[in-house]
Amino acid sequence: MRLLVFGATGQVARELRARAPEARFLARQDVDLTDPAACAAAIATSDAEAVINAAAYTAVDKAESEEALALAINGAAPGAMAEACAARGLPFVHISTDYVFDGSGDAPWTPTDPTGPLGAYGRTKLAGEERIRAVGGVFAILRTSWVFSAHGGNFVKTMLRLGAERDKLTIVADQIGGPTEAGDIAEACLTIAAALAADPGKSGTYHFAGAPDVSWADFAREIFAQSGLSCAAEDIPSSSYPTPAARPGNSRMDCSATTAAFGIPRPDWRKGLARVLTQLNEGSS
Ligand SMILES: NC(=O)C1=CN([C@@H]2O[C@H](COP(=O)(O)OP(=O)(O)OC[C@H]3O[C@@H](n4cnc5c(N)ncnc54)[C@H](OP(=O)(O)O)[C@@H]3O)[C@@H](O)[C@H]2O)C=CC1
Ligand SMILES: Cc1cn([C@H]2C[C@H](O)[C@@H](COP(=O)(O)OP(=O)(O)O[C@H]3O[C@@H](C)C(=O)[C@@H](O)[C@H]3O)O2)c(=O)[nH]c1=O
Ligand SMILES: [Mg+2]
């Protein structure tokens, strides 16, 4: 299937490139997502059979002071992409986030649960979702969480850096979610694009996160254990780690509809972590 992908350098985009090298990947210099008309034109002039958006504004704390820019990239651009896809009947796969939820309770969020973002990044990602759903067409919004890979900036690479410098780190233990390897997300996007082309009736909003659900502190301990770093992770509450953006406490996501519709189970992130650490040791970062 001929694919057009927005994004080339990000965590998920790089994993898509590794799995679908023949696809067309649009980097920032090809199409800037602050220009919705350029996003639409790239689709209108393409011979692609499906479109994946793997680009976004992902700086959670910085978004608090740059919400207009984040909204252009995470809201207006995906809306323009969805319209251009719908005009041509092309399946559109878009990635969203657990940060659209308010983090209350401890039950896994289902795709139809009420949203309530706590910060600017989550608000702008929700705006993108809402524009895509309003357009309709053939689409899947895939909400994922806590993405890591050997490339780019992510929690695993932060912990490897800090864990090599320090004997002990204090890590929040009251935010619970599913770490997700970017390679697993790329695979899911490719499967979903093909499934949507075959059955447009599968259009909708879906969840995809690695299992099991853990705290960031649990995640850090597994990173230190698997990498052999002798650094302790001490549990702290979020209140002891103030950040510009508030993050959800409960980021657990119910992924059962994704498994039912597309046959994709929740991947074990501990295996994904092992693969990423191997890649990093081989020096492919
Ligand atoms: N990272 C995470 O933990 C999570 C991410 N997500 C979602 O998953 C998706 C993929 O995220 P991830 O791979 O981590 O993203 P990254 O932060 O690794 O990469 C973001 C990508 O978006 C591109 N981009 C940003 N601004 C623009 C712009 N103005 N014009 C063109 N391209 C732009 C970047 O290009 P450049 O390199 O030029 O800056 C980069 O390729 C996003 O939708 C994100 O919201 C969901 C849950 C968790
Ligand atoms: C470095 C560090 C972080 N933390 C905490 C802060 C935060 O609550 C948590 C994770 O920090 P990060 O800044 O890596 O995470 P953050 O950038 O908020 O990650 C989010 O990114 C966006 C794009 C998403 O969509 C989300 O799913 C999620 O992955 O760890 C500590 O408690 N101690 C530390 O030493
Ligand atoms: Mg971050």
# chains A, B, ... in the order shown; residues from 1 in each chain; ligands from 1
$ residues_near_ligand --ligand "ligand 1" --cutoff "6 Å" --atoms "only C-alpha atoms and all ligand atoms" --output "list in words"
Gly7, Ala8, Thr9, Gly10, Gln11, Val12, Ala13, Ala27, Arg28, Val31, Asp32, Leu33, Thr34, Ala54, Ala55, Ala56, Tyr57, Thr58, Ile73, Ile95, Ser96, Thr97, Thr144, Ser145, Trp146, Val147 and Gly152 of chain A
$ residues_near_ligand --ligand "ligand 3" --cutoff "7 Å" --atoms "only C-alpha atoms and all ligand atoms" --output "PyMOL selection string"
chain A and resi 58-60+154
$ closest_residue --among "A:Ala82, A:Ala195, A:Val214, A:Ala37" --to "Arg270 (chain A)" --atoms "only C-alpha atoms"
A:Val214
$ select_by_dssp --residues "region 32-263 of chain A" --states "helix (DSSP H, G or I)" --output "PyMOL selection string"
chain A and resi 36-44+62-65+67-88+98-100+120-135+155-165+182-198+200-202+216-227+238-240+256-262
$ residues_near_ligand --ligand "ligand 2" --cutoff "9 Å" --atoms "only C-alpha atoms and all ligand atoms" --output "MDAnalysis selection string"
chainID A and resid 56:61 96:100 121:122 125 143:148 153:156 158:159 162 169:175 177:180 215:217 220 233 235:238 240:243 245:249 251
$ residues_around --residues "Thr258 (chain A)" --least-positions-apart "4" --cutoff "7 Å" --atoms "only C-alpha atoms" --output "short mmCIF file (atom, residue, chain, number, x, y, z; two decimals) with N, CA and C atoms, in the first residue's frame"
data_model
loop_
_atom_site.label_atom_id
_atom_site.label_comp_id
_atom_site.auth_asym_id
_atom_site.auth_seq_id
_atom_site.Cartn_x
_atom_site.Cartn_y
_atom_site.Cartn_z
N TYR A 206 -9.22 4.89 19.14
CA TYR A 206 -8.70 3.65 19.73
C TYR A 206 -7.56 3.95 20.71
N HIS A 207 -7.34 2.98 21.60
CA HIS A 207 -6.23 3.09 22.55
C HIS A 207 -5.18 2.01 22.30
N PHE A 208 -3.93 2.39 22.46
CA PHE A 208 -2.84 1.42 22.27
C PHE A 208 -1.69 1.79 23.20
N PHE A 262 -8.64 -4.80 15.35
CA PHE A 262 -7.46 -4.94 14.48
C PHE A 262 -6.58 -6.14 14.82
N ILE A 264 -4.66 -6.46 17.34
CA ILE A 264 -3.37 -6.02 17.91
C ILE A 264 -3.45 -6.06 19.43
#
$ atom_distance --atom1 "CA of Arg161 (chain A)" --atom2 "CA of Cys231 (chain A)"
11.0 Å
$ residues_around --residues "Met1 (chain A)" --least-positions-apart "6" --cutoff "10 Å" --atoms "only C-alpha atoms" --output "PyMOL selection string"
chain A and resi 20+22-23+48-50+190+193-194+197
$ write_last_selection --atoms "N, CA and C atoms" --output "CSV table (one decimal), in the first residue's frame"
chain,number,residue,atom,x,y,z
A,20,ALA,N,8.6,0.6,6.7
A,20,ALA,CA,8.0,0.9,5.4
A,20,ALA,C,8.8,1.9,4.6
A,22,GLU,N,9.6,2.3,1.7
A,22,GLU,CA,9.1,2.8,0.4
A,22,GLU,C,8.1,3.9,0.5
A,23,ALA,N,7.6,4.1,1.7
A,23,ALA,CA,6.6,5.2,1.9
A,23,ALA,C,7.2,6.6,1.7
A,48,ALA,N,-0.8,8.6,-2.8
A,48,ALA,CA,-0.9,7.7,-1.6
A,48,ALA,C,-2.3,7.1,-1.5
A,49,GLU,N,-2.3,5.8,-1.0
A,49,GLU,CA,-3.5,5.1,-0.7
A,49,GLU,C,-4.0,5.3,0.8
A,50,ALA,N,-3.0,5.8,1.6
A,50,ALA,CA,-3.4,6.1,3.0
A,50,ALA,C,-2.4,7.1,3.6
A,190,LEU,N,0.6,0.8,10.8
A,190,LEU,CA,0.6,0.1,9.5
A,190,LEU,C,-0.5,-0.9,9.4
A,193,ALA,N,-3.8,1.1,9.1
A,193,ALA,CA,-4.0,1.8,7.8
A,193,ALA,C,-4.5,0.8,6.8
A,194,ALA,N,-4.0,-0.4,6.8
A,194,ALA,CA,-4.4,-1.5,5.8
A,194,ALA,C,-5.8,-1.9,6.2
A,197,ALA,N,-8.4,0.6,5.1
A,197,ALA,CA,-8.6,0.6,3.6
A,197,ALA,C,-9.6,-0.5,3.2
$ residues_around --residues "Thr205 (chain A)" --least-positions-apart "5" --cutoff "7 Å" --atoms "only C-alpha atoms" --output "list in words"
Pro111, Ala140, Ile141 and Leu142 of chain A
$ atom_distance --atom1 "CA of Asp254 (chain A)" --atom2 "CA of Ala225 (chain A)"
27.4 Å
$ closest_residue --among "A:Ile185, A:Ala209, A:Ala274, A:Val138" --to "Ser227 (chain A)" --atoms "only C-alpha atoms"
A:Ala274
$ atom_distance --atom1 "CA of Leu273 (chain A)" --atom2 "CA of Ala18 (chain A)"
17.4 Å
$ closest_residue --among "A:Ala188, A:Pro108, A:Ile132, A:Leu196" --to "Ser256 (chain A)" --atoms "only C-alpha atoms"
A:Pro108
$ closest_residue --among "A:Ser239, A:Gln279, A:Ser46, A:Ser230" --to "Gly163 (chain A)" --atoms "only C-alpha atoms"
A:Ser230
$ select_by_dssp --residues "region 45-243 of chain A" --states "strand (DSSP E)" --output "PyMOL selection string"
chain A and resi 50-53+92-97+139-144+147-148+168-172+176-177+180-181+204-207+214-215+232-236
$ residues_around --residues "Val276 (chain A)" --least-positions-apart "5" --cutoff "10 Å" --atoms "only C-alpha atoms" --output "list in words"
Phe148, Ser149, Ala150, His151, Val156, Lys157, Glu181, Ala182, Gly183, Arg270, Lys271, Asn281, Glu282, Ser284 and Ser285 of chain A
$ residues_around --residues "Asp47 (chain A)" --least-positions-apart "3" --cutoff "10 Å" --atoms "only C-alpha atoms" --output "number ranges by chain"
A: 2-4, 42-44, 50
$ write_last_selection --atoms "N, CA and C atoms" --output "tab-separated table (two decimals), in the first residue's frame"
chain	number	residue	atom	x	y	z
A	2	ARG	N	0.58	2.19	-0.89
A	2	ARG	CA	1.37	3.43	-0.94
A	2	ARG	C	0.97	4.35	0.22
A	3	LEU	N	1.99	4.76	1.00
A	3	LEU	CA	1.73	5.54	2.21
A	3	LEU	C	2.38	6.91	2.14
A	4	LEU	N	1.66	7.90	2.65
A	4	LEU	CA	2.22	9.24	2.85
A	4	LEU	C	2.27	9.47	4.36
A	42	ALA	N	-0.21	18.65	0.22
A	42	ALA	CA	0.65	17.46	0.13
A	42	ALA	C	-0.20	16.21	-0.09
A	43	ILE	N	-1.38	16.19	0.53
A	43	ILE	CA	-2.27	15.04	0.37
A	43	ILE	C	-2.98	15.10	-0.99
A	44	ALA	N	-3.44	16.30	-1.34
A	44	ALA	CA	-4.20	16.44	-2.60
A	44	ALA	C	-3.36	16.06	-3.82
A	50	ALA	N	-3.04	5.79	1.61
A	50	ALA	CA	-3.38	6.07	3.02
A	50	ALA	C	-2.38	7.07	3.56
$ decode --residues "region 157-198 of chain A" --atoms "N, CA and C atoms" --output "PDB file, in the first residue's frame"
ATOM      1  N   LYS A 157      15.865   7.402  27.700  1.00  0.00           N
ATOM      2  CA  LYS A 157      17.173   8.009  27.468  1.00  0.00           C
ATOM      3  C   LYS A 157      17.542   8.989  28.577  1.00  0.00           C
ATOM      4  N   THR A 158      16.533   9.669  29.129  1.00  0.00           N
ATOM      5  CA  THR A 158      16.802  10.546  30.274  1.00  0.00           C
ATOM      6  C   THR A 158      17.299   9.727  31.461  1.00  0.00           C
ATOM      7  N   MET A 159      16.642   8.592  31.736  1.00  0.00           N
ATOM      8  CA  MET A 159      17.047   7.761  32.879  1.00  0.00           C
ATOM      9  C   MET A 159      18.435   7.156  32.659  1.00  0.00           C
ATOM     10  N   LEU A 160      18.760   6.771  31.453  1.00  0.00           N
ATOM     11  CA  LEU A 160      20.099   6.210  31.187  1.00  0.00           C
ATOM     12  C   LEU A 160      21.168   7.268  31.432  1.00  0.00           C
ATOM     13  N   ARG A 161      20.849   8.514  31.038  1.00  0.00           N
ATOM     14  CA  ARG A 161      21.823   9.599  31.235  1.00  0.00           C
ATOM     15  C   ARG A 161      21.978   9.933  32.719  1.00  0.00           C
ATOM     16  N   LEU A 162      20.837  10.165  33.398  1.00  0.00           N
ATOM     17  CA  LEU A 162      20.901  10.554  34.812  1.00  0.00           C
ATOM     18  C   LEU A 162      21.365   9.383  35.678  1.00  0.00           C
ATOM     19  N   GLY A 163      20.939   8.172  35.320  1.00  0.00           N
ATOM     20  CA  GLY A 163      21.287   6.987  36.111  1.00  0.00           C
ATOM     21  C   GLY A 163      22.773   6.681  36.081  1.00  0.00           C
ATOM     22  N   ALA A 164      23.457   7.105  35.030  1.00  0.00           N
ATOM     23  CA  ALA A 164      24.905   6.897  34.943  1.00  0.00           C
ATOM     24  C   ALA A 164      25.659   7.915  35.789  1.00  0.00           C
ATOM     25  N   GLU A 165      24.975   9.055  36.073  1.00  0.00           N
ATOM     26  CA  GLU A 165      25.641  10.132  36.829  1.00  0.00           C
ATOM     27  C   GLU A 165      25.345  10.078  38.317  1.00  0.00           C
ATOM     28  N   ARG A 166      24.263   9.405  38.690  1.00  0.00           N
ATOM     29  CA  ARG A 166      23.770   9.518  40.076  1.00  0.00           C
ATOM     30  C   ARG A 166      23.556   8.140  40.688  1.00  0.00           C
ATOM     31  N   ASP A 167      23.636   8.069  42.039  1.00  0.00           N
ATOM     32  CA  ASP A 167      23.362   6.809  42.759  1.00  0.00           C
ATOM     33  C   ASP A 167      21.874   6.644  43.017  1.00  0.00           C
ATOM     34  N   LYS A 168      21.169   7.775  43.048  1.00  0.00           N
ATOM     35  CA  LYS A 168      19.758   7.729  43.420  1.00  0.00           C
ATOM     36  C   LYS A 168      19.010   8.841  42.689  1.00  0.00           C
ATOM     37  N   LEU A 169      17.817   8.524  42.227  1.00  0.00           N
ATOM     38  CA  LEU A 169      16.956   9.535  41.624  1.00  0.00           C
ATOM     39  C   LEU A 169      15.606   9.470  42.317  1.00  0.00           C
ATOM     40  N   THR A 170      14.939  10.600  42.423  1.00  0.00           N
ATOM     41  CA  THR A 170      13.581  10.610  42.960  1.00  0.00           C
ATOM     42  C   THR A 170      12.621  10.717  41.773  1.00  0.00           C
ATOM     43  N   ILE A 171      11.677   9.771  41.721  1.00  0.00           N
ATOM     44  CA  ILE A 171      10.808   9.672  40.543  1.00  0.00           C
ATOM     45  C   ILE A 171       9.351   9.563  40.985  1.00  0.00           C
ATOM     46  N   VAL A 172       8.495  10.251  40.281  1.00  0.00           N
ATOM     47  CA  VAL A 172       7.083  10.254  40.674  1.00  0.00           C
ATOM     48  C   VAL A 172       6.488   8.842  40.558  1.00  0.00           C
ATOM     49  N   ALA A 173       5.715   8.502  41.581  1.00  0.00           N
ATOM     50  CA  ALA A 173       5.147   7.145  41.657  1.00  0.00           C
ATOM     51  C   ALA A 173       3.624   7.176  41.652  1.00  0.00           C
ATOM     52  N   ASP A 174       3.035   8.373  41.540  1.00  0.00           N
ATOM     53  CA  ASP A 174       1.569   8.460  41.543  1.00  0.00           C
ATOM     54  C   ASP A 174       1.014   8.828  40.164  1.00  0.00           C
ATOM     55  N   GLN A 175       1.803   8.655  39.140  1.00  0.00           N
ATOM     56  CA  GLN A 175       1.315   8.723  37.752  1.00  0.00           C
ATOM     57  C   GLN A 175       1.516   7.328  37.171  1.00  0.00           C
ATOM     58  N   ILE A 176       0.405   6.708  36.762  1.00  0.00           N
ATOM     59  CA  ILE A 176       0.432   5.302  36.327  1.00  0.00           C
ATOM     60  C   ILE A 176      -0.008   5.219  34.870  1.00  0.00           C
ATOM     61  N   GLY A 177       0.785   4.520  34.067  1.00  0.00           N
ATOM     62  CA  GLY A 177       0.409   4.383  32.658  1.00  0.00           C
ATOM     63  C   GLY A 177       1.161   3.258  31.982  1.00  0.00           C
ATOM     64  N   GLY A 178       1.007   3.182  30.692  1.00  0.00           N
ATOM     65  CA  GLY A 178       1.626   2.115  29.912  1.00  0.00           C
ATOM     66  C   GLY A 178       2.733   2.651  29.012  1.00  0.00           C
ATOM     67  N   PRO A 179       3.992   2.384  29.351  1.00  0.00           N
ATOM     68  CA  PRO A 179       5.075   2.756  28.435  1.00  0.00           C
ATOM     69  C   PRO A 179       4.899   2.020  27.100  1.00  0.00           C
ATOM     70  N   THR A 180       5.223   2.694  26.007  1.00  0.00           N
ATOM     71  CA  THR A 180       4.953   2.095  24.693  1.00  0.00           C
ATOM     72  C   THR A 180       6.150   2.314  23.770  1.00  0.00           C
ATOM     73  N   GLU A 181       6.670   1.223  23.237  1.00  0.00           N
ATOM     74  CA  GLU A 181       7.817   1.336  22.334  1.00  0.00           C
ATOM     75  C   GLU A 181       7.361   1.904  20.991  1.00  0.00           C
ATOM     76  N   ALA A 182       8.106   2.863  20.456  1.00  0.00           N
ATOM     77  CA  ALA A 182       7.717   3.504  19.190  1.00  0.00           C
ATOM     78  C   ALA A 182       7.584   2.490  18.061  1.00  0.00           C
ATOM     79  N   GLY A 183       8.427   1.453  18.065  1.00  0.00           N
ATOM     80  CA  GLY A 183       8.343   0.424  17.022  1.00  0.00           C
ATOM     81  C   GLY A 183       7.007  -0.306  17.054  1.00  0.00           C
ATOM     82  N   ASP A 184       6.506  -0.554  18.256  1.00  0.00           N
ATOM     83  CA  ASP A 184       5.193  -1.209  18.374  1.00  0.00           C
ATOM     84  C   ASP A 184       4.082  -0.296  17.850  1.00  0.00           C
ATOM     85  N   ILE A 185       4.225   1.014  18.075  1.00  0.00           N
ATOM     86  CA  ILE A 185       3.217   1.964  17.562  1.00  0.00           C
ATOM     87  C   ILE A 185       3.266   2.007  16.035  1.00  0.00           C
ATOM     88  N   ALA A 186       4.479   2.011  15.484  1.00  0.00           N
ATOM     89  CA  ALA A 186       4.619   2.030  14.027  1.00  0.00           C
ATOM     90  C   ALA A 186       3.940   0.805  13.410  1.00  0.00           C
ATOM     91  N   GLU A 187       4.182  -0.362  14.004  1.00  0.00           N
ATOM     92  CA  GLU A 187       3.541  -1.592  13.504  1.00  0.00           C
ATOM     93  C   GLU A 187       2.025  -1.457  13.553  1.00  0.00           C
ATOM     94  N   ALA A 188       1.523  -0.936  14.673  1.00  0.00           N
ATOM     95  CA  ALA A 188       0.075  -0.785  14.829  1.00  0.00           C
ATOM     96  C   ALA A 188      -0.483   0.159  13.770  1.00  0.00           C
ATOM     97  N   CYS A 189       0.208   1.260  13.511  1.00  0.00           N
ATOM     98  CA  CYS A 189      -0.263   2.226  12.502  1.00  0.00           C
ATOM     99  C   CYS A 189      -0.355   1.581  11.122  1.00  0.00           C
ATOM    100  N   LEU A 190       0.634   0.778  10.783  1.00  0.00           N
ATOM    101  CA  LEU A 190       0.638   0.134   9.461  1.00  0.00           C
ATOM    102  C   LEU A 190      -0.501  -0.879   9.361  1.00  0.00           C
ATOM    103  N   THR A 191      -0.701  -1.647  10.412  1.00  0.00           N
ATOM    104  CA  THR A 191      -1.799  -2.619  10.427  1.00  0.00           C
ATOM    105  C   THR A 191      -3.141  -1.903  10.305  1.00  0.00           C
ATOM    106  N   ILE A 192      -3.291  -0.809  11.038  1.00  0.00           N
ATOM    107  CA  ILE A 192      -4.561  -0.091  11.062  1.00  0.00           C
ATOM    108  C   ILE A 192      -4.834   0.590   9.707  1.00  0.00           C
ATOM    109  N   ALA A 193      -3.796   1.141   9.090  1.00  0.00           N
ATOM    110  CA  ALA A 193      -3.993   1.781   7.771  1.00  0.00           C
ATOM    111  C   ALA A 193      -4.535   0.763   6.769  1.00  0.00           C
ATOM    112  N   ALA A 194      -3.957  -0.428   6.767  1.00  0.00           N
ATOM    113  CA  ALA A 194      -4.410  -1.467   5.831  1.00  0.00           C
ATOM    114  C   ALA A 194      -5.827  -1.923   6.181  1.00  0.00           C
ATOM    115  N   ALA A 195      -6.110  -2.059   7.474  1.00  0.00           N
ATOM    116  CA  ALA A 195      -7.438  -2.522   7.895  1.00  0.00           C
ATOM    117  C   ALA A 195      -8.522  -1.497   7.564  1.00  0.00           C
ATOM    118  N   LEU A 196      -8.195  -0.203   7.693  1.00  0.00           N
ATOM    119  CA  LEU A 196      -9.171   0.853   7.364  1.00  0.00           C
ATOM    120  C   LEU A 196      -9.469   0.867   5.867  1.00  0.00           C
ATOM    121  N   ALA A 197      -8.427   0.629   5.062  1.00  0.00           N
ATOM    122  CA  ALA A 197      -8.628   0.608   3.604  1.00  0.00           C
ATOM    123  C   ALA A 197      -9.573  -0.535   3.240  1.00  0.00           C
ATOM    124  N   ALA A 198      -9.438  -1.657   3.932  1.00  0.00           N
ATOM    125  CA  ALA A 198     -10.280  -2.822   3.641  1.00  0.00           C
ATOM    126  C   ALA A 198     -11.680  -2.660   4.223  1.00  0.00           C
TER     127      ALA A 198
END
